[in-house]
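Next up, query26.cif (mmCIF, N, CA and C atoms):
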data_model
#
loop_
_atom_site.label_atom_id
_atom_site.label_comp_id
_atom_site.auth_asym_id
_atom_site.auth_seq_id
_atom_site.Cartn_x
_atom_site.Cartn_y
_atom_site.Cartn_z
N MET A 1 13.89 80.03 54.88
CA MET A 1 15.18 79.34 54.76
C MET A 1 16.23 80.31 54.23
N ILE A 2 17.41 80.24 54.77
CA ILE A 2 18.47 81.19 54.43
C ILE A 2 19.20 80.85 53.13
N ASP A 3 19.23 79.61 52.71
CA ASP A 3 19.98 79.24 51.51
C ASP A 3 19.57 80.12 50.33
N GLY A 4 20.57 80.76 49.69
CA GLY A 4 20.29 81.61 48.55
C GLY A 4 21.43 82.58 48.30
N PHE A 5 21.18 83.51 47.37
CA PHE A 5 22.12 84.55 46.98
C PHE A 5 21.67 85.86 47.62
N TRP A 6 22.57 86.52 48.37
CA TRP A 6 22.23 87.70 49.16
C TRP A 6 23.15 88.87 48.82
N THR A 7 22.60 90.10 48.86
CA THR A 7 23.44 91.28 48.89
C THR A 7 23.69 91.61 50.36
N VAL A 8 24.83 92.25 50.62
CA VAL A 8 25.23 92.58 51.99
C VAL A 8 25.56 94.07 52.05
N GLN A 9 24.94 94.78 52.98
CA GLN A 9 25.28 96.18 53.27
C GLN A 9 25.76 96.21 54.72
N PHE A 10 26.92 96.83 54.96
CA PHE A 10 27.44 96.82 56.32
C PHE A 10 27.94 98.19 56.73
N GLN A 11 27.92 98.42 58.04
CA GLN A 11 28.37 99.67 58.62
C GLN A 11 29.25 99.36 59.82
N GLY A 12 30.47 99.88 59.81
CA GLY A 12 31.41 99.63 60.90
C GLY A 12 32.04 100.92 61.38
N ALA A 13 33.05 100.80 62.19
CA ALA A 13 33.73 101.96 62.78
C ALA A 13 34.35 102.87 61.72
N ARG A 14 34.70 102.32 60.57
CA ARG A 14 35.36 103.09 59.51
C ARG A 14 34.48 103.31 58.29
N GLY A 15 33.17 103.33 58.47
CA GLY A 15 32.28 103.61 57.35
C GLY A 15 31.46 102.42 56.93
N GLY A 16 30.90 102.53 55.72
CA GLY A 16 30.02 101.49 55.22
C GLY A 16 30.55 100.86 53.95
N GLY A 17 29.88 99.80 53.54
CA GLY A 17 30.28 99.11 52.32
C GLY A 17 29.25 98.08 51.94
N GLY A 18 29.56 97.30 50.94
CA GLY A 18 28.64 96.28 50.48
C GLY A 18 29.34 95.17 49.72
N GLY A 19 28.66 94.06 49.60
CA GLY A 19 29.18 92.91 48.89
C GLY A 19 28.06 91.93 48.61
N VAL A 20 28.43 90.70 48.34
CA VAL A 20 27.46 89.64 48.08
C VAL A 20 27.88 88.39 48.84
N ALA A 21 26.89 87.52 49.10
CA ALA A 21 27.18 86.26 49.78
C ALA A 21 26.20 85.19 49.32
N VAL A 22 26.69 83.97 49.22
CA VAL A 22 25.87 82.80 48.95
C VAL A 22 25.86 81.95 50.21
N PHE A 23 24.67 81.60 50.67
CA PHE A 23 24.48 80.70 51.80
C PHE A 23 23.95 79.39 51.24
N THR A 24 24.67 78.31 51.48
CA THR A 24 24.23 77.01 50.97
C THR A 24 24.72 75.88 51.86
N LYS A 25 23.80 75.09 52.34
CA LYS A 25 24.10 73.86 53.09
C LYS A 25 25.08 74.10 54.23
N GLY A 26 24.89 75.17 55.00
CA GLY A 26 25.73 75.46 56.14
C GLY A 26 27.03 76.18 55.83
N LYS A 27 27.25 76.56 54.57
CA LYS A 27 28.48 77.24 54.16
C LYS A 27 28.15 78.63 53.60
N ILE A 28 29.11 79.55 53.75
CA ILE A 28 28.98 80.91 53.22
C ILE A 28 30.16 81.17 52.28
N PHE A 29 29.85 81.75 51.11
CA PHE A 29 30.85 82.15 50.14
C PHE A 29 30.48 83.54 49.63
N GLY A 30 31.42 84.48 49.64
CA GLY A 30 31.08 85.82 49.17
C GLY A 30 32.29 86.70 49.05
N GLY A 31 32.02 88.01 48.88
CA GLY A 31 33.11 88.95 48.79
C GLY A 31 32.66 90.33 48.41
N ASP A 32 33.66 91.22 48.33
CA ASP A 32 33.44 92.60 47.90
C ASP A 32 34.65 93.04 47.09
N ALA A 33 34.91 94.34 47.00
CA ALA A 33 35.96 94.86 46.13
C ALA A 33 37.38 94.48 46.56
N GLY A 34 37.59 94.10 47.82
CA GLY A 34 38.94 93.78 48.25
C GLY A 34 39.06 92.57 49.15
N TYR A 35 37.92 91.93 49.47
CA TYR A 35 37.91 90.83 50.45
C TYR A 35 37.03 89.69 49.98
N THR A 36 37.42 88.47 50.35
CA THR A 36 36.54 87.32 50.17
C THR A 36 36.02 86.90 51.54
N TYR A 37 34.84 86.27 51.54
CA TYR A 37 34.24 85.78 52.77
C TYR A 37 33.97 84.29 52.61
N THR A 38 34.43 83.49 53.55
CA THR A 38 34.07 82.08 53.59
C THR A 38 33.79 81.73 55.04
N GLY A 39 32.80 80.88 55.24
CA GLY A 39 32.48 80.52 56.61
C GLY A 39 31.39 79.49 56.71
N THR A 40 30.88 79.38 57.92
CA THR A 40 29.81 78.42 58.21
C THR A 40 28.71 79.14 58.97
N TYR A 41 27.51 78.57 58.89
CA TYR A 41 26.37 79.15 59.60
C TYR A 41 25.44 78.06 60.09
N GLU A 42 24.63 78.45 61.08
CA GLU A 42 23.53 77.62 61.56
C GLU A 42 22.29 78.49 61.61
N GLU A 43 21.16 77.92 61.21
CA GLU A 43 19.88 78.63 61.23
C GLU A 43 18.90 77.85 62.09
N THR A 44 18.29 78.53 63.06
CA THR A 44 17.29 77.91 63.92
C THR A 44 16.19 78.93 64.19
N ASN A 45 14.96 78.58 63.82
CA ASN A 45 13.81 79.45 64.09
C ASN A 45 14.04 80.90 63.66
N ASN A 46 14.48 81.09 62.44
CA ASN A 46 14.74 82.41 61.86
C ASN A 46 15.87 83.17 62.54
N GLN A 47 16.69 82.49 63.33
CA GLN A 47 17.88 83.08 63.94
C GLN A 47 19.10 82.45 63.26
N VAL A 48 20.09 83.28 62.96
CA VAL A 48 21.30 82.81 62.27
C VAL A 48 22.53 83.14 63.11
N LYS A 49 23.42 82.18 63.23
CA LYS A 49 24.73 82.38 63.84
C LYS A 49 25.76 81.91 62.84
N ALA A 50 26.85 82.69 62.70
CA ALA A 50 27.86 82.34 61.70
C ALA A 50 29.25 82.75 62.17
N ARG A 51 30.22 82.12 61.57
CA ARG A 51 31.63 82.49 61.74
C ARG A 51 32.20 82.60 60.33
N VAL A 52 32.82 83.74 60.05
CA VAL A 52 33.26 84.04 58.69
C VAL A 52 34.72 84.48 58.69
N SER A 53 35.51 83.87 57.82
CA SER A 53 36.89 84.28 57.59
C SER A 53 36.88 85.34 56.49
N VAL A 54 37.45 86.50 56.78
CA VAL A 54 37.51 87.62 55.83
C VAL A 54 38.96 87.73 55.37
N GLN A 55 39.19 87.48 54.07
CA GLN A 55 40.54 87.43 53.52
C GLN A 55 40.75 88.59 52.54
N ASN A 56 41.77 89.39 52.78
CA ASN A 56 42.10 90.53 51.94
C ASN A 56 42.89 90.09 50.71
N PHE A 57 42.40 90.45 49.50
CA PHE A 57 43.16 90.11 48.30
C PHE A 57 43.65 91.34 47.54
N ILE A 58 43.21 92.54 47.94
CA ILE A 58 43.76 93.79 47.41
C ILE A 58 44.12 94.66 48.61
N PRO A 59 45.38 94.69 49.00
CA PRO A 59 45.78 95.38 50.24
C PRO A 59 45.40 96.86 50.31
N SER A 60 45.26 97.53 49.19
CA SER A 60 44.94 98.96 49.22
C SER A 60 43.46 99.24 49.51
N VAL A 61 42.63 98.22 49.53
CA VAL A 61 41.20 98.41 49.80
C VAL A 61 40.97 98.32 51.32
N PRO A 62 40.50 99.42 51.93
CA PRO A 62 40.24 99.40 53.37
C PRO A 62 38.96 98.65 53.69
N ASN A 63 38.80 98.28 54.96
CA ASN A 63 37.55 97.64 55.37
C ASN A 63 36.87 98.47 56.44
N VAL A 64 35.60 98.21 56.67
CA VAL A 64 34.81 99.02 57.61
C VAL A 64 35.17 98.77 59.06
N MET A 65 35.96 97.75 59.34
CA MET A 65 36.36 97.46 60.71
C MET A 65 37.61 98.24 61.11
N GLY A 66 38.29 98.86 60.13
CA GLY A 66 39.50 99.59 60.43
C GLY A 66 40.69 98.69 60.73
N ARG A 67 40.64 97.49 60.22
CA ARG A 67 41.67 96.48 60.48
C ARG A 67 42.37 96.14 59.17
N GLN A 68 43.69 96.04 59.19
CA GLN A 68 44.43 95.64 58.00
C GLN A 68 44.56 94.13 57.96
N GLY A 69 44.58 93.59 56.75
CA GLY A 69 44.80 92.16 56.59
C GLY A 69 43.56 91.32 56.82
N ASN A 70 43.79 90.06 57.15
CA ASN A 70 42.72 89.07 57.31
C ASN A 70 42.22 89.04 58.75
N PHE A 71 40.96 88.63 58.92
CA PHE A 71 40.39 88.50 60.26
C PHE A 71 39.17 87.59 60.20
N GLU A 72 38.68 87.20 61.37
CA GLU A 72 37.48 86.37 61.45
C GLU A 72 36.39 87.13 62.18
N LEU A 73 35.15 86.94 61.71
CA LEU A 73 33.98 87.56 62.32
C LEU A 73 33.05 86.50 62.87
N GLU A 74 32.42 86.81 63.99
CA GLU A 74 31.28 86.04 64.48
C GLU A 74 30.08 86.95 64.31
N PHE A 75 29.01 86.43 63.72
CA PHE A 75 27.83 87.27 63.63
C PHE A 75 26.58 86.49 63.95
N SER A 76 25.56 87.25 64.34
CA SER A 76 24.26 86.66 64.64
C SER A 76 23.19 87.66 64.23
N GLY A 77 22.04 87.12 63.88
CA GLY A 77 20.95 87.99 63.46
C GLY A 77 19.67 87.23 63.28
N SER A 78 18.65 87.97 62.84
CA SER A 78 17.34 87.36 62.64
C SER A 78 16.84 87.65 61.23
N ILE A 79 16.11 86.67 60.69
CA ILE A 79 15.55 86.75 59.35
C ILE A 79 14.08 87.11 59.45
N ALA A 80 13.67 88.10 58.66
CA ALA A 80 12.26 88.46 58.52
C ALA A 80 11.99 88.57 57.02
N GLY A 81 11.31 87.60 56.46
CA GLY A 81 11.09 87.57 55.02
C GLY A 81 12.39 87.38 54.29
N ASP A 82 12.72 88.33 53.39
CA ASP A 82 13.95 88.25 52.62
C ASP A 82 15.05 89.15 53.17
N VAL A 83 14.95 89.54 54.44
CA VAL A 83 15.95 90.42 55.06
C VAL A 83 16.53 89.76 56.30
N LEU A 84 17.85 89.81 56.40
CA LEU A 84 18.57 89.34 57.58
C LEU A 84 19.30 90.53 58.17
N ASN A 85 18.92 90.93 59.38
CA ASN A 85 19.61 91.99 60.11
C ASN A 85 20.52 91.33 61.12
N ALA A 86 21.81 91.72 61.09
CA ALA A 86 22.79 91.05 61.94
C ALA A 86 23.78 92.04 62.54
N SER A 87 24.41 91.61 63.60
CA SER A 87 25.55 92.34 64.16
C SER A 87 26.72 91.36 64.19
N ALA A 88 27.93 91.91 64.08
CA ALA A 88 29.12 91.07 64.03
C ALA A 88 30.24 91.73 64.80
N SER A 89 31.20 90.91 65.23
CA SER A 89 32.41 91.42 65.86
C SER A 89 33.58 90.55 65.45
N ILE A 90 34.77 91.13 65.53
CA ILE A 90 35.98 90.37 65.24
C ILE A 90 36.19 89.38 66.37
N VAL A 91 36.49 88.14 66.02
CA VAL A 91 36.71 87.09 67.01
C VAL A 91 37.82 87.52 67.97
N GLY A 92 37.52 87.45 69.27
CA GLY A 92 38.49 87.82 70.28
C GLY A 92 38.57 89.30 70.56
N GLN A 93 37.82 90.11 69.79
CA GLN A 93 37.82 91.56 69.97
C GLN A 93 36.37 92.07 69.93
N PRO A 94 35.58 91.80 70.95
CA PRO A 94 34.16 92.13 70.92
C PRO A 94 33.85 93.62 70.75
N ALA A 95 34.79 94.49 71.04
CA ALA A 95 34.56 95.92 70.84
C ALA A 95 34.62 96.32 69.36
N MET A 96 35.21 95.48 68.52
CA MET A 96 35.31 95.75 67.08
C MET A 96 34.05 95.21 66.41
N LYS A 97 33.02 96.07 66.30
CA LYS A 97 31.70 95.64 65.85
C LYS A 97 31.29 96.28 64.54
N MET A 98 30.33 95.63 63.89
CA MET A 98 29.67 96.20 62.72
C MET A 98 28.25 95.68 62.66
N ASN A 99 27.41 96.39 61.93
CA ASN A 99 26.04 95.95 61.68
C ASN A 99 25.91 95.63 60.20
N ALA A 100 25.04 94.68 59.89
CA ALA A 100 24.85 94.28 58.49
C ALA A 100 23.38 94.06 58.20
N LYS A 101 23.01 94.41 56.98
CA LYS A 101 21.68 94.10 56.47
C LYS A 101 21.90 93.30 55.19
N LEU A 102 21.38 92.07 55.18
CA LEU A 102 21.47 91.22 54.01
C LEU A 102 20.08 91.10 53.40
N THR A 103 20.03 91.15 52.07
CA THR A 103 18.76 91.05 51.37
C THR A 103 18.86 89.90 50.37
N LYS A 104 17.93 88.96 50.49
CA LYS A 104 17.94 87.79 49.60
C LYS A 104 17.48 88.19 48.22
N LYS A 105 18.29 87.87 47.22
CA LYS A 105 18.00 88.23 45.83
C LYS A 105 17.48 87.06 45.01
N SER A 106 17.88 85.84 45.39
CA SER A 106 17.36 84.67 44.68
C SER A 106 17.62 83.40 45.49
N VAL A 107 16.81 82.39 45.19
CA VAL A 107 17.02 81.08 45.76
C VAL A 107 18.02 80.36 44.88
N LEU A 108 18.61 79.31 45.41
CA LEU A 108 19.57 78.52 44.63
C LEU A 108 18.83 77.44 43.86
N PRO A 109 19.38 77.07 42.69
CA PRO A 109 18.71 76.02 41.89
C PRO A 109 18.77 74.68 42.56
#

For this file, produce the structure as structure tokens.
Amino acid sequence: MIDGFWTVQFQGARGGGGGVAVFTKGKIFGGDAGYTYTGTYEETNNQVKARVSVQNFIPSVPNVMGRQGNFELEFSGSIAGDVLNASASIVGQPAMKMNAKLTKKSVLP
């Protein structure tokens, strides 16, 4: 089951980075040094599909997509144990891609 607290490592066109995310009851909440993440997900047979709004709150912090400001991501991936490997792209711009590895750190109470 995906519900829990996860670390996120990602690699995009402009380098790599990391953050954290909480998956709970079909919702995603997370962030990193300059962005917040909120969205929704579906999990079926260890496969995950999600749509995430990425909101910039510190304009001087770059992102791995090479995009300024806010954007939305669609991502999909598979869970094996406590690891979720996923790929994502900016909605409407499928060439703007990144890869992510999420590692589950704890279950929710």

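The coordinates place atom C of A:Leu108 at 26.4 Å from atom CA of A:Ala88.
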
Item to complete: Extract, using only C-alpha atoms, all DNA, RNA and protein residues at most 12 Å from A:Lys104, discarding same-chain residues fewer than 4 positions from it, and format them as a ChimeraX atom specification.
Response: /A:1-9,20-23,79-85,108

Discussion item. Evaluated on this file, the PyMOL selection byres ((chain A and resi 36-50) around 6) picks out some residues - which ones are they, written as a ChimeraX atom specification?
Written reply: /A:26-32,34-35,51-57,73-79

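You can rank A:Ala95, A:Ile58, A:Val64, A:Leu102 by their closest distance to A:Gln11 using all atoms listed in the file, and at the top of that list sits A:Val64.
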
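Coordinates place atom C of A:Pro59 at a distance of 21.0 Å from atom CA of A:Ser89.
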
Worksheet item: So what does the PyMOL selection byres ((chain A and resi 14) around 7) actually pick up in this one, as a PyMOL selection string?
Response: chain A and resi 11-13+15-16+63-66
